[in-house]
Every structure is written in structure tokens, then in C-alpha cells.
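Undergrad: Next up, protein-v4.txt (compact mmCIF, C-alpha atoms).
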```
# COMPACT_ATOMS: atom_id res chain seq x y z
CA MET A 1 0.00 0.00 0.00
CA SER A 2 1.51 3.30 -1.09
CA PHE A 3 2.01 6.03 1.45
CA ILE A 4 0.26 9.25 0.51
CA ILE A 5 0.25 11.87 3.23
CA SER A 6 -3.19 13.31 3.83
CA ALA A 7 -3.90 17.01 3.48
CA GLN A 8 -4.56 17.20 7.23
CA ASP A 9 -1.26 15.54 8.14
CA TYR A 10 0.60 17.69 5.63
CA GLU A 11 -0.76 20.87 7.21
CA GLU A 12 0.23 19.63 10.68
CA SER A 13 3.69 18.80 9.33
CA LYS A 14 4.03 22.32 7.94
CA LYS A 15 2.97 23.74 11.30
CA LEU A 16 5.53 21.63 13.18
CA ALA A 17 8.29 22.37 10.65
CA THR A 18 7.71 26.09 11.17
CA LEU A 19 7.99 25.57 14.94
CA VAL A 20 11.23 23.60 14.46
CA ARG A 21 12.80 26.52 12.59
CA VAL A 22 11.66 28.98 15.25
CA MET A 23 13.01 26.74 18.02
CA ASN A 24 16.31 26.48 16.17
CA SER A 25 16.59 30.27 16.14
CA LEU A 26 16.10 30.23 19.94
CA GLY A 27 18.94 27.78 20.61
CA HIS A 28 17.06 24.48 20.91
CA ASN A 29 18.85 22.65 18.08
CA PRO A 30 22.60 23.36 17.86
CA ALA A 31 24.52 21.37 15.25
CA THR A 32 21.44 19.61 13.75
CA SER A 33 20.46 18.24 17.18
CA GLY A 34 16.89 17.70 18.37
CA ASN A 35 14.10 15.66 16.84
CA TYR A 36 10.36 16.03 16.36
CA SER A 37 7.33 14.00 15.47
CA LEU A 38 3.58 13.84 14.95
CA ARG A 39 1.04 11.08 15.28
CA SER A 40 -0.87 10.83 12.00
CA LYS A 41 -4.43 12.13 12.29
CA THR A 42 -5.64 10.00 9.40
CA ASN A 43 -3.53 6.82 9.59
CA PRO A 44 -3.78 5.37 13.12
CA ASP A 45 -0.66 3.22 12.72
CA ILE A 46 1.73 5.94 11.55
CA ALA A 47 3.96 8.51 13.24
CA LEU A 48 5.79 11.14 11.19
CA VAL A 49 9.31 11.44 12.62
CA SER A 50 11.99 13.99 11.73
CA GLU A 51 14.76 12.93 9.39
CA SER A 52 18.25 12.54 10.85
CA GLY A 53 21.05 15.02 10.23
CA ILE A 54 18.98 17.93 8.93
CA ASP A 55 20.03 21.50 9.71
CA LYS A 56 17.00 22.64 11.69
CA SER A 57 17.21 26.16 10.28
CA LYS A 58 16.34 24.56 6.92
CA PHE A 59 13.88 21.97 8.19
CA THR A 60 10.66 21.59 6.18
CA GLU A 61 7.50 19.49 6.20
CA ASP A 62 9.21 17.16 3.70
CA ASN A 63 11.76 16.14 6.33
CA PHE A 64 9.29 13.94 8.21
CA LEU A 65 9.36 10.18 7.56
CA PRO A 66 6.44 7.78 8.17
CA LEU A 67 6.98 4.92 10.63
CA TYR A 68 4.65 2.38 12.15
CA TYR A 69 4.84 3.31 15.81
CA GLN A 70 3.93 -0.14 17.12
CA THR A 71 6.42 -2.13 15.02
CA ARG A 72 9.00 0.69 14.66
CA GLU A 73 9.33 -0.10 10.94
CA MET A 74 9.58 2.60 8.30
CA HIS A 75 6.79 2.60 5.73
CA GLU A 76 7.60 0.34 2.78
CA ASP A 77 7.68 3.23 0.32
CA TYR A 78 10.62 4.79 2.17
CA LYS A 79 12.77 1.76 3.00
CA ALA A 80 14.82 1.96 -0.19
CA SER A 81 15.20 5.74 -0.09
CA GLY A 82 18.38 5.76 1.98
CA ARG A 83 16.79 8.31 4.28
CA LYS A 84 16.91 7.72 8.03
CA SER A 85 14.74 8.95 10.86
CA SER A 86 16.29 10.36 14.03
CA ASP A 87 18.56 8.08 16.06
CA GLU A 88 16.14 8.69 18.93
CA THR A 89 13.05 7.58 17.04
CA ASP A 90 12.35 4.84 19.60
CA ILE A 91 11.66 7.44 22.32
CA HIS A 92 9.05 9.14 20.15
CA LEU A 93 7.37 5.89 19.21
CA THR A 94 7.29 4.72 22.83
CA ILE A 95 5.54 7.93 23.88
CA TYR A 96 2.89 7.35 21.20
CA GLN A 97 2.46 3.76 22.33
CA ILE A 98 1.75 4.60 25.99
CA THR A 99 0.17 8.07 25.90
CA LYS A 100 -2.44 9.91 23.85
CA ALA A 101 0.13 12.45 22.68
CA ASN A 102 -0.08 13.68 19.11
CA CYS A 103 3.16 15.68 19.03
CA VAL A 104 6.60 15.17 20.60
CA LEU A 105 9.36 17.80 20.75
CA HIS A 106 12.96 17.00 21.71
CA SER A 107 15.07 20.05 22.57
CA HIS A 108 18.74 20.40 23.53
CA ILE A 109 18.16 23.79 25.15
CA LEU A 110 21.03 24.46 27.57
CA ASP A 111 18.80 25.26 30.57
CA SER A 112 17.36 21.73 30.47
CA LEU A 113 20.85 20.29 30.99
CA LEU A 114 21.68 22.70 33.78
CA PHE A 115 18.35 22.05 35.50
CA ALA A 116 18.85 18.27 35.36
CA ASP A 117 22.23 18.74 37.02
CA LEU A 118 20.41 20.05 40.12
CA PHE A 119 19.20 16.48 40.74
CA PRO A 120 22.26 14.20 40.63
CA GLY A 121 21.33 10.57 41.12
CA LYS A 122 17.61 11.29 41.44
CA GLN A 123 14.91 9.59 39.39
CA PHE A 124 12.61 12.63 39.41
CA ALA A 125 12.89 16.39 39.55
CA THR A 126 10.01 17.59 41.73
CA ILE A 127 8.58 21.04 41.03
CA LYS A 128 5.81 22.78 42.96
CA ASN A 129 4.09 26.01 43.96
CA LEU A 130 4.53 27.88 40.69
CA GLU A 131 1.53 29.51 39.02
CA LEU A 132 2.77 28.62 35.57
CA LEU A 133 2.29 24.93 36.34
CA LYS A 134 -1.29 25.63 35.27
CA GLY A 135 0.08 25.81 31.73
CA PHE A 136 0.22 22.02 31.74
CA LYS A 137 -2.88 20.25 30.50
CA GLY A 138 -5.32 19.42 33.30
CA ILE A 139 -3.55 21.41 36.03
CA LYS A 140 -5.89 23.85 37.79
CA THR A 141 -3.80 24.92 40.79
CA HIS A 142 -0.24 25.73 41.72
CA GLU A 143 -0.69 23.78 44.96
CA LEU A 144 0.62 20.43 43.77
CA GLU A 145 3.86 18.63 42.97
CA ILE A 146 4.87 17.48 39.51
CA ASN A 147 7.61 14.91 39.10
CA ILE A 148 9.67 15.13 35.92
CA PRO A 149 11.39 11.79 35.18
CA VAL A 150 15.18 12.15 34.88
CA PHE A 151 17.45 9.62 33.16
CA ASP A 152 21.16 9.35 32.55
CA ASN A 153 22.18 9.87 28.95
CA THR A 154 22.91 6.78 26.86
CA GLN A 155 23.49 5.77 23.26
CA ASP A 156 21.36 2.65 23.78
CA ILE A 157 18.11 4.32 22.80
CA ARG A 158 16.15 1.08 22.44
CA SER A 159 16.86 0.18 26.09
CA LEU A 160 16.17 3.75 27.22
CA ALA A 161 12.82 3.66 25.45
CA GLU A 162 11.86 0.67 27.59
CA GLU A 163 13.12 2.35 30.77
CA VAL A 164 11.04 5.47 30.29
CA LYS A 165 7.74 3.60 30.01
CA PRO A 166 7.02 3.03 33.74
CA ALA A 167 8.24 6.49 34.65
CA ILE A 168 5.90 8.18 32.17
CA LEU A 169 2.96 5.99 33.13
CA SER A 170 3.49 6.75 36.84
CA GLN A 171 3.34 10.53 36.31
CA PRO A 172 0.15 11.44 34.43
CA ASN A 173 0.55 15.16 35.23
CA SER A 174 4.03 15.38 33.71
CA TYR A 175 4.43 15.98 29.99
CA GLY A 176 8.19 15.70 29.73
CA LEU A 177 11.32 13.78 30.63
CA LEU A 178 14.90 14.91 31.08
CA LEU A 179 18.14 13.29 29.94
CA ARG A 180 21.22 14.43 31.87
CA GLY A 181 23.79 16.07 29.64
CA HIS A 182 21.41 15.82 26.70
CA GLY A 183 18.05 17.61 26.73
CA ILE A 184 14.31 17.29 27.25
CA TYR A 185 11.41 15.49 25.57
CA VAL A 186 8.03 17.23 25.74
CA TRP A 187 4.68 16.10 24.37
CA GLY A 188 1.08 17.22 24.02
CA ASP A 189 -2.20 16.62 22.22
CA SER A 190 -1.25 18.99 19.42
CA VAL A 191 1.66 21.03 18.10
CA GLU A 192 0.29 24.03 19.98
CA GLU A 193 -0.07 22.16 23.26
CA ALA A 194 3.40 20.60 23.04
CA LYS A 195 4.81 24.09 22.39
CA ARG A 196 2.97 25.45 25.44
CA HIS A 197 4.26 22.64 27.62
CA LEU A 198 7.81 23.32 26.44
CA GLU A 199 7.41 26.99 27.32
CA VAL A 200 6.28 26.02 30.85
CA PHE A 201 9.33 23.82 31.27
CA GLU A 202 11.65 26.56 30.01
CA TYR A 203 10.19 29.03 32.52
CA ILE A 204 10.54 26.55 35.38
CA PHE A 205 14.15 25.79 34.45
CA LYS A 206 15.04 29.48 34.44
CA TYR A 207 13.28 30.06 37.75
CA TYR A 208 15.16 27.35 39.61
CA LEU A 209 18.49 28.08 37.95
CA ASN A 210 18.24 31.77 38.80
CA SER A 211 17.03 31.17 42.37
CA ASN A 212 19.63 28.43 43.01
CA LYS A 213 16.94 26.32 44.63
CA ARG A 214 17.66 22.66 45.32
CA ILE A 215 14.44 20.69 45.28
CA GLY A 216 13.11 17.20 44.78
```
What would the structure in this file look like if it were written as C-alpha cells?
TA:
Amino acid sequence: MSFIISAQDYEESKKLATLVRVMNSLGHNPATSGNYSLRSKTNPDIALVSESGIDKSKFTEDNFLPLYYQTREMHEDYKASGRKSSDETDIHLTIYQITKANCVLHSHILDSLLFADLFPGKQFATIKNLELLKGFKGIKTHELEINIPVFDNTQDIRSLAEEVKPAILSQPNSYGLLLRGHGIYVWGDSVEEAKRHLEVFEYIFKYYLNSNKRIG
């Protein structure tokens, strides 16, 4: 069966590609780093994952590749193309397998690394009592704790993808995970929601880094 991207998915891809270029201009993607994806709105088995090695200042909607997120296989039409999805594709596909997310953003923004360093050896970074927490989906009050899963960096992405599953499932109010010395993954129900969640995380990182608080 040939892969033909639907008009709806193509428009979402254009929207996300525009966001990727904006994020690049803000320091999220140095040296072609970072990766991004969408769950197809019209093909329930497919995720559109960013192509590896692309300068994010030049990233376009045509730099997404279709993969079956349950089997992790690239669509048959693309297997002989020589093109490759991100090395961290397995993280994206795992998030789609275990959540209802429709968009995943992976940023290398420096503040995410510095923030993770505040929690050496800890499995979670606990944040609380900030009004902007209400920017996360479903949060109606600042009077709660949110645990952000934190993992050590690794090149064994397939194993890491398995490790993150229980941590994500145990924290329904958290829409991100941190990798020490690497960056942050953020997700949401749409491109707009994932962007909003990333902005909340960025604000929180800056707050704690500037206040020198040690929490969690």
C-alpha cells in the first residue's frame, strides 16, 4: 500500500516544521540536534518522525518520515530511499504507544541540561508552587507537585525507550522527561499544546536556575 500523506497531516507537518525553525533560532537545536514527530491524524498506525542530520534552520515538512509506531518499521515506500529517521526515534514511538500524545518535541536547550544537574542521582525532579504549572494540561492549581522523570544519557536508545515507560505511566501530570547532559522530551495533544508545555518547562528551568533552589 503506497504512502500518501493526507492534506490534514501535511498541514500539521508544515505547522511543526515552522515551529522547528523557530526553536532552532532560539537555541534548541545546535549542530542539527533535536528531533520532532507527529502522530498521524488519518492513519492510526503511523507517526511522522523527523529525518536525521537535517540542519533545523532549513527543516521543512518534507523532512518527516512515516513509521509504524507499534512495530518501529519505516513505511515500505521509504525503505529503499536511503533516508533515516532520528537516532532517537524509539523514544518518540514509545511515547505514542503509551500516551495519547499527538506531538513530541525533543530540545537540547542548555537550561534543560543545567536544571537536570540540580538532581544528581535522582529519578525525578520535583517542582511545585509555581503559578505557571497551570500551563500544563489538566492542572488547575499551583498547589501540587509534579515529578519530571530524569534519566542518565545513553546511546542505547532502544533500552532507554523501555526504561522510560514506567516512569511516564506513573506521572500522568508530567508531559516531559529529562536526559542528563542531553536535553528534554516534551509532548502534548497537538503542536500548539506541546509548544505550550515546552514553554512552561523553560520558565521553570530558568526560575530554579536563577534562584539556586535545590528541590526534589
Undergrad: Which residues are near Gly27 in chain A? Cut-off 9 Å, all atoms listed in the file, ignore same chain within fewer than 2 positions. Put them as a list in words.
TA: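 Selected residues are Met23, Asn24, Ser25, Asn29, Pro30, Ser107, His108, Ile109 and Leu110 of chain A.
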Undergrad: Can you spit out the residues from that selection as a JSON list (two decimals), in the coordinates of the input, using C-alpha atoms?
TA:
```json
[["chain", "number", "residue", "atom", "x", "y", "z"],
["A", 23, "MET", "CA", 13.01, 26.74, 18.02],
["A", 24, "ASN", "CA", 16.31, 26.48, 16.17],
["A", 25, "SER", "CA", 16.59, 30.27, 16.14],
["A", 29, "ASN", "CA", 18.85, 22.65, 18.08],
["A", 30, "PRO", "CA", 22.60, 23.36, 17.86],
["A", 107, "SER", "CA", 15.07, 20.05, 22.57],
["A", 108, "HIS", "CA", 18.74, 20.40, 23.53],
["A", 109, "ILE", "CA", 18.16, 23.79, 25.15],
["A", 110, "LEU", "CA", 21.03, 24.46, 27.57]]
```
Undergrad: Taking into account all atoms listed in the file, which residue in the set A:Tyr10, A:Tyr69, A:Phe124, A:Tyr36 is nearest to Ile54 in chain A?
TA: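 Closest candidate: A:Tyr36.
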Undergrad: Rounded to one decimal in Å, what is the spacing between CA of Ile204 in chain A and CA of Phe115 in chain A?
TA: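 CA of Ile204 in chain A sits 9.0 Å away from CA of Phe115 in chain A.
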Undergrad: Between A:Lys134, A:Ala80, A:Arg21, A:Thr89, single out the one closest to Leu48 in chain A, counting all atoms listed in the file.
TA: A:Thr89
Undergrad: At what distance in Å, to one decimal, does CA of Asn63 in chain A lie from CA of Phe151 in chain A?
TA: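 Separation between CA of Phe151 in chain A and CA of Asn63 in chain A: 28.2 Å.
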Undergrad: For Met74 in chain A, which of A:Phe205, A:Asp90, A:Gly183, A:Glu11 is the closest residue, counting all atoms listed in the file?
TA: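 Looking at the shortest contact to Met74 in chain A, the residue is A:Asp90.
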Undergrad: Taking only C-alpha atoms into account, name the residue in A:Ser57, A:Ser86, A:Thr32, A:Ser190 that is nearest to Asn102 in chain A.
TA: A:Ser190
Undergrad: Could you check the closest approach to Gln123 in chain A for each of A:Ile157, A:Ala101, A:Leu169, A:Leu178 and tell me which residue wins, using only C-alpha atoms?
TA: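 With only C-alpha atoms as the atom set, the closest residue is A:Leu178.
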Undergrad: Using all atoms listed in the file, can you tell me which of A:Gln70, A:Asn35, A:Ser13, A:Ser81 comes closest to Ile184 in chain A?
TA: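 Among the listed residues, the smallest separation from Ile184 in chain A belongs to A:Asn35.
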Undergrad: Please build the interface table for range 87-162 of chain A against range 193-203 of chain A with a cut-off of 7 Å, listing for each qualifying residue the nearest atom pair and the distance in Å to one decimal; count all atoms listed in the file, order rows by chain and increasing number, and write it as a tab-separated table.
TA:
```
residue	atom	partner	partner_atom	distance
A:Cys103	CA	A:Ala194	CA	6.4
A:Val104	CA	A:Ala194	CA	6.8
A:Leu105	CA	A:Ala194	CA	7.0
A:Leu132	CA	A:Val200	CA	6.4
A:Leu133	CA	A:Val200	CA	6.9
A:Gly135	CA	A:Val200	CA	6.3
A:Phe136	CA	A:His197	CA	5.8
```
Undergrad: As an exercise, work out the distance from CA of His28 in chain A to CA of Leu179 in chain A in Å and give it to one decimal place.
TA: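 Those two atoms sit 14.4 Å apart.
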Undergrad: Considering all atoms listed in the file, return as a list of chain:residue names whatever protein or nucleic-acid residues lie within 7 Å of Tyr175 in chain A, sequence-local ones (same chain, fewer than 2 positions apart) excluded.
TA: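 Contacts, in chain order: A:Asn173, A:Val186, A:Trp187, A:Gly188.
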Undergrad: So that I can check the surroundings of Glu12 in chain A, please list as number ranges by chain every protein, DNA and RNA residue that reaches within 10 Å of it, counting all atoms listed in the file and ignoring chain neighbours fewer than 6 positions away.
TA: A: 6, 18, 38-41, 61, 103, 190-191
Undergrad: If we count all atoms listed in the file, what is near Ser174 in chain A at a cut-off of 8 Å, once residues fewer than 4 positions away on the same chain are taken out, given as an NGL selection string?
TA: :A and (136 or 146-148 or 168)
